[in-house]
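*Asks:* This is the content of model.cif (mmCIF, C-alpha atoms and all ligand atoms):
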data_work
#
loop_
_atom_site.group_PDB
_atom_site.id
_atom_site.type_symbol
_atom_site.label_atom_id
_atom_site.label_comp_id
_atom_site.auth_asym_id
_atom_site.auth_seq_id
_atom_site.Cartn_x
_atom_site.Cartn_y
_atom_site.Cartn_z
ATOM 1 C CA MET A 1 15.008 5.408 20.812
ATOM 2 C CA ILE A 2 17.638 6.788 18.381
ATOM 3 C CA ARG A 3 18.199 10.528 18.208
ATOM 4 C CA PHE A 4 20.794 12.502 16.247
ATOM 5 C CA GLU A 5 21.332 16.139 17.158
ATOM 6 C CA ASP A 6 23.443 18.113 14.673
ATOM 7 C CA VAL A 7 25.708 15.141 14.076
ATOM 8 C CA SER A 8 28.676 15.591 11.755
ATOM 9 C CA LYS A 9 31.471 13.207 10.861
ATOM 10 C CA THR A 10 34.557 14.192 8.915
ATOM 11 C CA TYR A 11 37.147 11.460 8.391
ATOM 12 C CA ALA A 12 40.868 12.117 8.856
ATOM 13 C CA THR A 13 41.129 12.288 5.057
ATOM 14 C CA GLY A 14 38.904 15.369 5.088
ATOM 15 C CA VAL A 15 35.836 13.605 3.665
ATOM 16 C CA GLU A 16 32.686 15.033 5.230
ATOM 17 C CA ALA A 17 30.683 11.799 5.410
ATOM 18 C CA VAL A 18 27.753 13.128 7.506
ATOM 19 C CA LYS A 19 26.820 16.781 7.822
ATOM 20 C CA ASN A 20 24.580 18.211 10.544
ATOM 21 C CA ALA A 21 22.262 15.228 10.743
ATOM 22 C CA ASN A 22 19.109 15.559 12.821
ATOM 23 C CA LEU A 23 16.989 12.499 13.209
ATOM 24 C CA GLU A 24 14.644 10.730 15.550
ATOM 25 C CA ILE A 25 13.651 7.084 15.259
ATOM 26 C CA GLU A 26 10.942 5.986 17.665
ATOM 27 C CA LYS A 27 10.472 2.699 19.421
ATOM 28 C CA GLY A 28 8.764 0.250 17.077
ATOM 29 C CA ASP A 29 9.670 2.145 13.894
ATOM 30 C CA PHE A 30 10.880 0.532 10.701
ATOM 31 C CA ALA A 31 13.181 3.026 8.988
ATOM 32 C CA PHE A 32 15.220 2.822 5.822
ATOM 33 C CA ILE A 33 18.318 4.966 5.387
ATOM 34 C CA VAL A 34 18.762 5.276 1.630
ATOM 35 C CA GLY A 35 21.139 6.873 -0.808
ATOM 36 C CA SER A 36 23.748 6.037 -3.393
ATOM 37 C CA SER A 37 27.083 4.441 -2.591
ATOM 38 C CA GLY A 38 29.343 6.730 -0.564
ATOM 39 C CA CYS A 39 26.552 9.039 0.631
ATOM 40 C CA GLY A 40 27.194 8.282 4.306
ATOM 41 C CA LYS A 41 24.828 5.429 5.230
ATOM 42 C CA SER A 42 27.457 3.190 6.837
ATOM 43 C CA THR A 43 28.944 6.161 8.654
ATOM 44 C CA MET A 44 25.523 6.831 10.229
ATOM 45 C CA ILE A 45 25.177 3.158 11.198
ATOM 46 C CA LYS A 46 28.705 3.004 12.630
ATOM 47 C CA MET A 47 28.003 6.035 14.804
ATOM 48 C CA ILE A 48 24.832 4.373 16.148
ATOM 49 C CA LEU A 49 26.913 1.303 17.014
ATOM 50 C CA LYS A 50 29.598 3.583 18.498
ATOM 51 C CA GLU A 51 32.194 2.025 16.203
ATOM 52 C CA ILE A 52 33.194 5.550 15.250
ATOM 53 C CA GLU A 53 32.651 8.915 16.929
ATOM 54 C CA PRO A 54 31.095 12.009 15.389
ATOM 55 C CA ASN A 55 33.225 15.172 15.348
ATOM 56 C CA SER A 56 30.317 17.159 16.676
ATOM 57 C CA GLY A 57 26.741 16.703 17.782
ATOM 58 C CA ARG A 58 25.038 14.262 20.110
ATOM 59 C CA ILE A 59 23.646 10.773 19.577
ATOM 60 C CA TYR A 60 21.101 9.503 22.069
ATOM 61 C CA ILE A 61 20.151 5.843 22.350
ATOM 62 C CA ASN A 62 17.248 5.329 24.743
ATOM 63 C CA GLY A 63 17.913 8.704 26.262
ATOM 64 C CA THR A 64 21.630 8.140 26.861
ATOM 65 C CA ASP A 65 24.106 10.352 25.022
ATOM 66 C CA ILE A 66 26.444 7.699 23.650
ATOM 67 C CA THR A 67 29.003 10.263 22.523
ATOM 68 C CA ARG A 68 29.751 10.694 26.221
ATOM 69 C CA LEU A 69 29.485 7.035 27.125
ATOM 70 C CA PRO A 70 32.572 5.615 28.835
ATOM 71 C CA LYS A 71 34.256 2.759 26.936
ATOM 72 C CA ASN A 72 33.346 0.231 29.594
ATOM 73 C CA ARG A 73 29.649 0.863 28.903
ATOM 74 C CA ILE A 74 29.904 0.022 25.196
ATOM 75 C CA PRO A 75 29.220 -3.719 25.647
ATOM 76 C CA HIS A 76 26.007 -2.846 27.474
ATOM 77 C CA LEU A 77 24.999 -0.477 24.659
ATOM 78 C CA ARG A 78 25.676 -3.096 21.983
ATOM 79 C CA ARG A 79 23.543 -5.607 23.854
ATOM 80 C CA SER A 80 20.518 -3.455 23.119
ATOM 81 C CA MET A 81 21.207 -3.827 19.383
ATOM 82 C CA GLY A 82 21.180 -6.728 16.981
ATOM 83 C CA ILE A 83 23.427 -6.094 14.008
ATOM 84 C CA VAL A 84 23.351 -7.501 10.471
ATOM 85 C CA PHE A 85 25.928 -6.788 7.748
ATOM 86 C CA GLN A 86 26.062 -7.260 4.005
ATOM 87 C CA ASP A 87 28.691 -10.010 4.241
ATOM 88 C CA PHE A 88 26.898 -12.149 6.901
ATOM 89 C CA ARG A 89 30.017 -12.487 9.108
ATOM 90 C CA LEU A 90 29.255 -15.992 10.338
ATOM 91 C CA LEU A 91 31.820 -18.184 12.069
ATOM 92 C CA GLU A 92 32.744 -20.642 9.317
ATOM 93 C CA ASP A 93 33.927 -23.397 11.668
ATOM 94 C CA LYS A 94 30.687 -23.423 13.648
ATOM 95 C CA THR A 95 27.324 -24.899 12.739
ATOM 96 C CA VAL A 96 24.212 -22.789 12.281
ATOM 97 C CA TYR A 97 23.105 -23.720 15.793
ATOM 98 C CA GLU A 98 26.506 -22.870 17.256
ATOM 99 C CA ASN A 99 26.699 -19.540 15.448
ATOM 100 C CA VAL A 100 23.469 -18.464 17.089
ATOM 101 C CA ALA A 101 24.179 -20.104 20.455
ATOM 102 C CA TYR A 102 27.551 -18.367 20.595
ATOM 103 C CA ALA A 103 25.890 -14.953 20.706
ATOM 104 C CA MET A 104 24.056 -16.052 23.856
ATOM 105 C CA ARG A 105 27.089 -17.704 25.395
ATOM 106 C CA VAL A 106 29.297 -14.610 25.163
ATOM 107 C CA ILE A 107 26.872 -12.643 27.305
ATOM 108 C CA GLY A 108 26.795 -15.414 29.914
ATOM 109 C CA THR A 109 23.431 -17.035 29.198
ATOM 110 C CA ASN A 110 23.008 -20.437 30.822
ATOM 111 C CA GLN A 111 22.930 -23.610 28.756
ATOM 112 C CA ARG A 112 19.282 -24.344 29.473
ATOM 113 C CA ALA A 113 18.107 -20.974 28.175
ATOM 114 C CA ILE A 114 20.330 -21.363 25.092
ATOM 115 C CA LYS A 115 18.867 -24.779 24.292
ATOM 116 C CA LYS A 116 15.394 -23.343 24.488
ATOM 117 C CA GLN A 117 15.931 -20.048 22.663
ATOM 118 C CA VAL A 118 18.159 -21.057 19.710
ATOM 119 C CA PRO A 119 15.562 -23.406 18.147
ATOM 120 C CA ASN A 120 12.944 -20.681 18.650
ATOM 121 C CA VAL A 121 14.815 -18.117 16.564
ATOM 122 C CA LEU A 122 15.974 -20.664 13.979
ATOM 123 C CA SER A 123 12.349 -21.614 13.538
ATOM 124 C CA LEU A 124 11.402 -17.937 13.217
ATOM 125 C CA VAL A 125 13.881 -17.472 10.348
ATOM 126 C CA GLY A 126 12.846 -20.780 8.765
ATOM 127 C CA LEU A 127 16.106 -22.655 9.305
ATOM 128 C CA LEU A 128 15.395 -25.163 12.066
ATOM 129 C CA ASN A 129 16.142 -27.987 9.626
ATOM 130 C CA LYS A 130 19.621 -26.537 8.932
ATOM 131 C CA SER A 131 20.761 -26.391 12.563
ATOM 132 C CA LYS A 132 23.655 -28.768 11.972
ATOM 133 C CA ALA A 133 24.817 -27.301 8.666
ATOM 134 C CA TYR A 134 27.956 -25.187 8.332
ATOM 135 C CA PRO A 135 27.821 -21.739 6.694
ATOM 136 C CA ASN A 136 29.583 -22.952 3.520
ATOM 137 C CA GLU A 137 26.788 -25.494 3.055
ATOM 138 C CA LEU A 138 24.165 -22.740 2.877
ATOM 139 C CA SER A 139 22.992 -20.344 0.181
ATOM 140 C CA GLY A 140 23.614 -16.618 0.646
ATOM 141 C CA GLY A 141 19.998 -16.062 1.669
ATOM 142 C CA GLU A 142 20.198 -18.848 4.231
ATOM 143 C CA GLN A 143 23.446 -17.455 5.627
ATOM 144 C CA GLN A 144 21.834 -14.065 6.031
ATOM 145 C CA ARG A 145 18.896 -15.714 7.846
ATOM 146 C CA VAL A 146 21.389 -17.200 10.300
ATOM 147 C CA ALA A 147 22.897 -13.749 10.769
ATOM 148 C CA VAL A 148 19.409 -12.358 11.454
ATOM 149 C CA ALA A 149 18.711 -15.170 13.940
ATOM 150 C CA ARG A 150 21.982 -14.394 15.692
ATOM 151 C CA ALA A 151 21.129 -10.690 15.763
ATOM 152 C CA ILE A 152 17.771 -11.201 17.473
ATOM 153 C CA VAL A 153 18.526 -14.163 19.725
ATOM 154 C CA ASN A 154 19.177 -11.956 22.772
ATOM 155 C CA ASN A 155 15.936 -10.017 22.201
ATOM 156 C CA PRO A 156 17.539 -6.651 21.416
ATOM 157 C CA MET A 157 15.370 -3.540 21.394
ATOM 158 C CA MET A 158 16.573 -2.662 17.925
ATOM 159 C CA LEU A 159 17.895 -4.399 14.856
ATOM 160 C CA ILE A 160 20.386 -2.431 12.781
ATOM 161 C CA ALA A 161 21.235 -3.686 9.290
ATOM 162 C CA ASP A 162 23.794 -2.243 6.871
ATOM 163 C CA GLU A 163 23.042 -3.302 3.261
ATOM 164 C CA PRO A 164 21.645 -6.661 4.456
ATOM 165 C CA THR A 165 20.606 -7.617 0.918
ATOM 166 C CA GLY A 166 23.665 -6.263 -0.884
ATOM 167 C CA ASN A 167 25.048 -9.735 -1.661
ATOM 168 C CA LEU A 168 21.709 -11.352 -2.534
ATOM 169 C CA ASP A 169 19.681 -11.809 -5.697
ATOM 170 C CA PRO A 170 16.436 -9.781 -5.871
ATOM 171 C CA GLU A 171 14.100 -12.580 -4.826
ATOM 172 C CA THR A 172 16.220 -13.601 -1.842
ATOM 173 C CA ALA A 173 16.685 -9.940 -0.951
ATOM 174 C CA TRP A 174 12.943 -9.583 -0.797
ATOM 175 C CA GLU A 175 12.660 -12.593 1.538
ATOM 176 C CA ILE A 176 15.225 -11.121 3.918
ATOM 177 C CA MET A 177 13.462 -7.747 3.985
ATOM 178 C CA SER A 178 10.147 -9.523 4.668
ATOM 179 C CA LEU A 179 11.820 -11.309 7.538
ATOM 180 C CA LEU A 180 13.019 -7.981 8.967
ATOM 181 C CA ASN A 181 9.472 -6.706 8.583
ATOM 182 C CA ASP A 182 8.141 -9.701 10.566
ATOM 183 C CA ILE A 183 10.666 -9.004 13.299
ATOM 184 C CA ASN A 184 9.558 -5.366 13.374
ATOM 185 C CA ARG A 185 5.918 -6.450 13.705
ATOM 186 C CA ARG A 186 6.895 -8.440 16.772
ATOM 187 C CA GLY A 187 8.010 -5.179 18.378
ATOM 188 C CA THR A 188 11.687 -4.691 17.517
ATOM 189 C CA THR A 189 12.745 -1.309 16.136
ATOM 190 C CA VAL A 190 14.417 -1.883 12.757
ATOM 191 C CA VAL A 191 16.848 0.425 10.929
ATOM 192 C CA VAL A 192 18.072 -0.665 7.487
ATOM 193 C CA ALA A 193 20.676 1.150 5.392
ATOM 194 C CA THR A 194 20.225 0.158 1.767
ATOM 195 C CA HIS A 195 20.238 1.255 -1.830
ATOM 196 C CA ALA A 196 17.744 -1.449 -2.871
ATOM 197 C CA LYS A 197 15.316 0.971 -4.476
ATOM 198 C CA GLU A 198 12.676 -1.526 -5.614
ATOM 199 C CA ILE A 199 12.295 -3.087 -2.198
ATOM 200 C CA VAL A 200 12.163 0.260 -0.414
ATOM 201 C CA ASP A 201 9.455 1.434 -2.818
ATOM 202 C CA LYS A 202 7.338 -1.674 -2.244
ATOM 203 C CA MET A 203 7.575 -1.741 1.526
ATOM 204 C CA GLU A 204 6.255 1.785 2.118
ATOM 205 C CA LYS A 205 8.126 2.370 5.348
ATOM 206 C CA ARG A 206 9.812 5.435 6.714
ATOM 207 C CA VAL A 207 12.519 6.539 4.285
ATOM 208 C CA ILE A 208 15.388 8.771 5.373
ATOM 209 C CA ALA A 209 17.299 9.852 2.265
ATOM 210 C CA ILE A 210 20.905 11.064 2.289
ATOM 211 C CA ASP A 211 23.005 12.635 -0.413
ATOM 212 C CA LYS A 212 26.656 13.536 0.148
ATOM 213 C CA GLY A 213 26.241 13.318 3.892
ATOM 214 C CA VAL A 214 23.103 15.466 4.063
ATOM 215 C CA ILE A 215 19.659 14.180 5.047
ATOM 216 C CA TYR A 216 17.497 15.885 2.442
ATOM 217 C CA SER A 217 14.257 13.979 2.861
ATOM 218 C CA ASP A 218 12.521 12.056 5.637
ATOM 219 C CA ILE A 219 9.164 10.564 4.711
ATOM 220 C CA LYS A 220 6.973 8.669 7.163
ATOM 221 C CA LYS A 221 5.607 6.185 4.669
ATOM 222 C CA GLY A 222 7.085 6.435 1.264
ATOM 223 C CA GLY A 223 9.373 5.206 -1.428
ATOM 224 C CA TYR A 224 12.987 5.667 -2.286
ATOM 225 C CA VAL A 225 13.706 9.309 -3.029
ATOM 226 C CA ASN A 226 16.009 10.005 -5.907
ATOM 227 C CA ASP A 227 18.828 12.472 -5.564
ATOM 228 C CA HIS A 228 17.056 15.834 -5.494
ATOM 229 C CA ARG A 229 19.785 17.289 -7.681
ATOM 230 C CA ASP A 230 18.844 14.930 -10.516
ATOM 231 C CA ASN A 231 15.404 16.470 -10.884
HETATM 232 P P1 LIG A 301 27.766 4.481 2.170
HETATM 233 O O1 LIG A 301 27.651 3.467 3.265
HETATM 234 O O2 LIG A 301 26.529 5.268 1.964
HETATM 235 O O3 LIG A 301 28.256 3.863 0.894
HETATM 236 P P2 LIG A 301 29.982 5.515 3.752
HETATM 237 O O4 LIG A 301 29.408 6.006 5.020
HETATM 238 O O5 LIG A 301 30.675 4.202 3.778
HETATM 239 O O6 LIG A 301 28.864 5.544 2.606
HETATM 240 O O7 LIG A 301 31.029 6.583 3.212
HETATM 241 C C1 LIG A 301 30.733 7.968 3.146
HETATM 242 C C2 LIG A 301 31.960 8.705 2.673
HETATM 243 O O8 LIG A 301 32.983 8.605 3.640
HETATM 244 C C3 LIG A 301 32.553 8.165 1.381
HETATM 245 O O9 LIG A 301 33.066 9.244 0.655
HETATM 246 C C4 LIG A 301 33.661 7.251 1.866
HETATM 247 O O10 LIG A 301 34.675 7.137 0.897
HETATM 248 C C5 LIG A 301 34.133 7.979 3.094
HETATM 249 N N1 LIG A 301 34.676 7.062 4.117
HETATM 250 C C6 LIG A 301 34.049 6.007 4.680
HETATM 251 N N2 LIG A 301 34.824 5.430 5.614
HETATM 252 C C7 LIG A 301 35.971 6.125 5.642
HETATM 253 C C8 LIG A 301 37.182 6.022 6.400
HETATM 254 N N3 LIG A 301 37.344 5.086 7.341
HETATM 255 N N4 LIG A 301 38.159 6.927 6.153
HETATM 256 C C9 LIG A 301 37.990 7.889 5.225
HETATM 257 N N5 LIG A 301 36.878 8.050 4.481
HETATM 258 C C10 LIG A 301 35.881 7.181 4.686
HETATM 259 MG MG MG A 302 27.820 1.432 3.234
#
Take the structure from the file and write it as structure tokens.
Ligand code: ADP
Ligand code: MG
*Replies:*
Amino acid sequence: MIRFEDVSKTYATGVEAVKNANLEIEKGDFAFIVGSSGCGKSTMIKMILKEIEPNSGRIYINGTDITRLPKNRIPHLRRSMGIVFQDFRLLEDKTVYENVAYAMRVIGTNQRAIKKQVPNVLSLVGLLNKSKAYPNELSGGEQQRVAVARAIVNNPMMLIADEPTGNLDPETAWEIMSLLNDINRRGTTVVVATHAKEIVDKMEKRVIAIDKGVIYSDIKKGGYVNDHRDN
């Protein structure tokens, strides 16, 4: 589903953010990308989303090399992915319902399907009773649940999250990760970049560990791996 072949990214400043990354994430996987701040997690995520381009190497999404994808195919690529960020990125002037409905509207979904699907996903994330609330009336955890609902409302094949619990207290963080786990169990491939060590350890999922742009460990079912240079 996601495949990196010798992917490297050096920014214009000369920072080598990702070096020769090789990686394969299968359909249905739940994978953490872990490592300390600045190790290259967001750079990996941004290349998957085709927000930035690698300098070399190939990135395949469902068999398509997205490094060679014409610009006009990017919307189609993004439709296969639900995306969640650390800072929620909700539309502040829209209600919870409207935030989620909007994601369906922009891809041309008809009103009837929207009316049916939005309550379904809000119920899945436990926020049906907050449909009419505005983001500033919600807690951080609730706002992130809305963002998750919005990310999955169009039934994407994969859910990509960059530090989804970075702004949340530990208990709320755990609830959000459990929610992502539920979504994975329902069949969506989930990729989460995080440095939330305790949660990663508890969940026993696939853990891809990066240090200074290098993938130095990839464990099928494990915990957070500390920087190998510390040991
Ligand atoms: P992480 O998400 O793991 O914290 P990033 O992928 O954001 O790491 O950053 C990896 C490295 O690339 C860091 O050294 C960071 O300062 C650098 N970097 C990130 N984005 C840019 C950019 N747009 N221009 C230059 N350097 C960048
Ligand atoms: Mg980051």
*Asks:* With all atoms listed in the file as the counted atoms, please give the residues lying no more than 10 Å from A:Ile48, apart from itself and same-chain residues fewer than 4 positions off, as a count of residues only.
*Replies:* 18
*Asks:* Report as a ChimeraX atom specification the residues that result from applying the PyMOL selection byres (((chain A and resi 115-124) around 8) and not hetatm) to the structure here.
*Replies:* /A:97,100-101,111-114,125-128,131,146,149,152-153
*Asks:* Given a cut-off of 7 Å, what residues near ligand MG 302 (chain A) show up using all atoms listed in the file, put as an MDAnalysis selection string?
*Replies:* chainID A and resid 37:38 40:42 162:163
*Asks:* Using all atoms listed in the file, what residues lie at most 12 Å away from (31.7, -11.3, 3.8) (file coordinates), given as a list in words?
*Replies:*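 Residues with an atom at most 12 Å from (31.7, -11.3, 3.8): Val84, Phe85, Gln86, Asp87, Phe88, Arg89, Leu90, Leu91, Glu92, Pro135, Asn136, Gly140, Gln143, Gln144, Ala147, Glu163, Pro164, Gly166, Asn167 and Leu168 of chain A.
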*Asks:* Write to file, as a compact mmCIF listing (two decimals), keeping the file's coordinate frame, the residues of the selection just made, with C-alpha atoms.
*Replies:*
# COMPACT_ATOMS: atom_id res chain seq x y z
CA VAL A 84 23.35 -7.50 10.47
CA PHE A 85 25.93 -6.79 7.75
CA GLN A 86 26.06 -7.26 4.00
CA ASP A 87 28.69 -10.01 4.24
CA PHE A 88 26.90 -12.15 6.90
CA ARG A 89 30.02 -12.49 9.11
CA LEU A 90 29.26 -15.99 10.34
CA LEU A 91 31.82 -18.18 12.07
CA GLU A 92 32.74 -20.64 9.32
CA PRO A 135 27.82 -21.74 6.69
CA ASN A 136 29.58 -22.95 3.52
CA GLY A 140 23.61 -16.62 0.65
CA GLN A 143 23.45 -17.45 5.63
CA GLN A 144 21.83 -14.06 6.03
CA ALA A 147 22.90 -13.75 10.77
CA GLU A 163 23.04 -3.30 3.26
CA PRO A 164 21.64 -6.66 4.46
CA GLY A 166 23.66 -6.26 -0.88
CA ASN A 167 25.05 -9.74 -1.66
CA LEU A 168 21.71 -11.35 -2.53
*Asks:* Using all atoms listed in the file, pick whichever of A:Gly63, A:Pro156, A:Gly213, A:Pro75 has the shortest atom-to-atom distance to ligand LIG 301 (chain A).
*Replies:*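 With all atoms listed in the file as the atom set, the closest residue is A:Gly213.
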*Asks:* How about completing stretch 169-191 of chain A with N, CA, C and O atoms and giving it to me as a compact mmCIF listing (two decimals), in the coordinates of the input?
*Replies:*
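What landed in result-v5.txt:
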# COMPACT_ATOMS: atom_id res chain seq x y z
N ASP A 169 20.47 -12.05 -4.49
CA ASP A 169 19.68 -11.81 -5.70
C ASP A 169 18.34 -11.18 -5.28
O ASP A 169 17.95 -11.26 -4.12
N PRO A 170 17.63 -10.55 -6.23
CA PRO A 170 16.44 -9.78 -5.87
C PRO A 170 15.37 -10.57 -5.10
O PRO A 170 14.80 -10.06 -4.14
N GLU A 171 15.15 -11.80 -5.49
CA GLU A 171 14.10 -12.58 -4.83
C GLU A 171 14.48 -12.89 -3.38
O GLU A 171 13.68 -12.74 -2.45
N THR A 172 15.73 -13.30 -3.19
CA THR A 172 16.22 -13.60 -1.84
C THR A 172 16.27 -12.33 -1.00
O THR A 172 15.96 -12.34 0.18
N ALA A 173 16.65 -11.24 -1.64
CA ALA A 173 16.68 -9.94 -0.95
C ALA A 173 15.30 -9.62 -0.39
O ALA A 173 15.16 -9.20 0.76
N TRP A 174 14.31 -9.86 -1.22
CA TRP A 174 12.94 -9.58 -0.80
C TRP A 174 12.56 -10.44 0.41
O TRP A 174 11.92 -9.97 1.36
N GLU A 175 12.97 -11.70 0.41
CA GLU A 175 12.66 -12.59 1.54
C GLU A 175 13.30 -12.10 2.83
O GLU A 175 12.68 -12.13 3.90
N ILE A 176 14.54 -11.61 2.71
CA ILE A 176 15.22 -11.12 3.92
C ILE A 176 14.53 -9.86 4.45
O ILE A 176 14.29 -9.72 5.66
N MET A 177 14.16 -8.96 3.54
CA MET A 177 13.46 -7.75 3.98
C MET A 177 12.11 -8.09 4.61
O MET A 177 11.70 -7.47 5.59
N SER A 178 11.42 -9.10 4.08
CA SER A 178 10.15 -9.52 4.67
C SER A 178 10.37 -10.07 6.07
O SER A 178 9.57 -9.83 6.98
N LEU A 179 11.48 -10.77 6.22
CA LEU A 179 11.82 -11.31 7.54
C LEU A 179 12.06 -10.16 8.53
O LEU A 179 11.56 -10.19 9.67
N LEU A 180 12.77 -9.14 8.09
CA LEU A 180 13.02 -7.98 8.97
C LEU A 180 11.69 -7.30 9.31
O LEU A 180 11.49 -6.83 10.43
N ASN A 181 10.80 -7.28 8.35
CA ASN A 181 9.47 -6.71 8.58
C ASN A 181 8.71 -7.52 9.64
O ASN A 181 8.08 -6.95 10.54
N ASP A 182 8.79 -8.84 9.56
CA ASP A 182 8.14 -9.70 10.57
C ASP A 182 8.70 -9.40 11.95
O ASP A 182 7.95 -9.33 12.93
N ILE A 183 10.01 -9.26 12.01
CA ILE A 183 10.67 -9.00 13.30
C ILE A 183 10.20 -7.65 13.86
O ILE A 183 9.94 -7.51 15.04
N ASN A 184 10.06 -6.68 12.96
CA ASN A 184 9.56 -5.37 13.37
C ASN A 184 8.13 -5.48 13.92
O ASN A 184 7.79 -4.89 14.95
N ARG A 185 7.31 -6.28 13.26
CA ARG A 185 5.92 -6.45 13.70
C ARG A 185 5.84 -7.06 15.09
O ARG A 185 4.88 -6.85 15.82
N ARG A 186 6.87 -7.83 15.43
CA ARG A 186 6.90 -8.44 16.77
C ARG A 186 7.41 -7.47 17.82
O ARG A 186 7.59 -7.83 18.97
N GLY A 187 7.71 -6.23 17.40
CA GLY A 187 8.01 -5.18 18.38
C GLY A 187 9.41 -4.60 18.35
O GLY A 187 9.70 -3.64 19.06
N THR A 188 10.31 -5.19 17.56
CA THR A 188 11.69 -4.69 17.52
C THR A 188 11.79 -3.49 16.57
O THR A 188 11.24 -3.53 15.47
N THR A 189 12.47 -2.46 17.00
CA THR A 189 12.74 -1.31 16.14
C THR A 189 13.77 -1.75 15.09
O THR A 189 14.75 -2.40 15.43
N VAL A 190 13.51 -1.42 13.82
CA VAL A 190 14.42 -1.88 12.76
C VAL A 190 14.92 -0.69 11.95
O VAL A 190 14.13 0.17 11.53
N VAL A 191 16.23 -0.62 11.76
CA VAL A 191 16.85 0.42 10.93
C VAL A 191 17.68 -0.27 9.86
O VAL A 191 18.55 -1.09 10.18
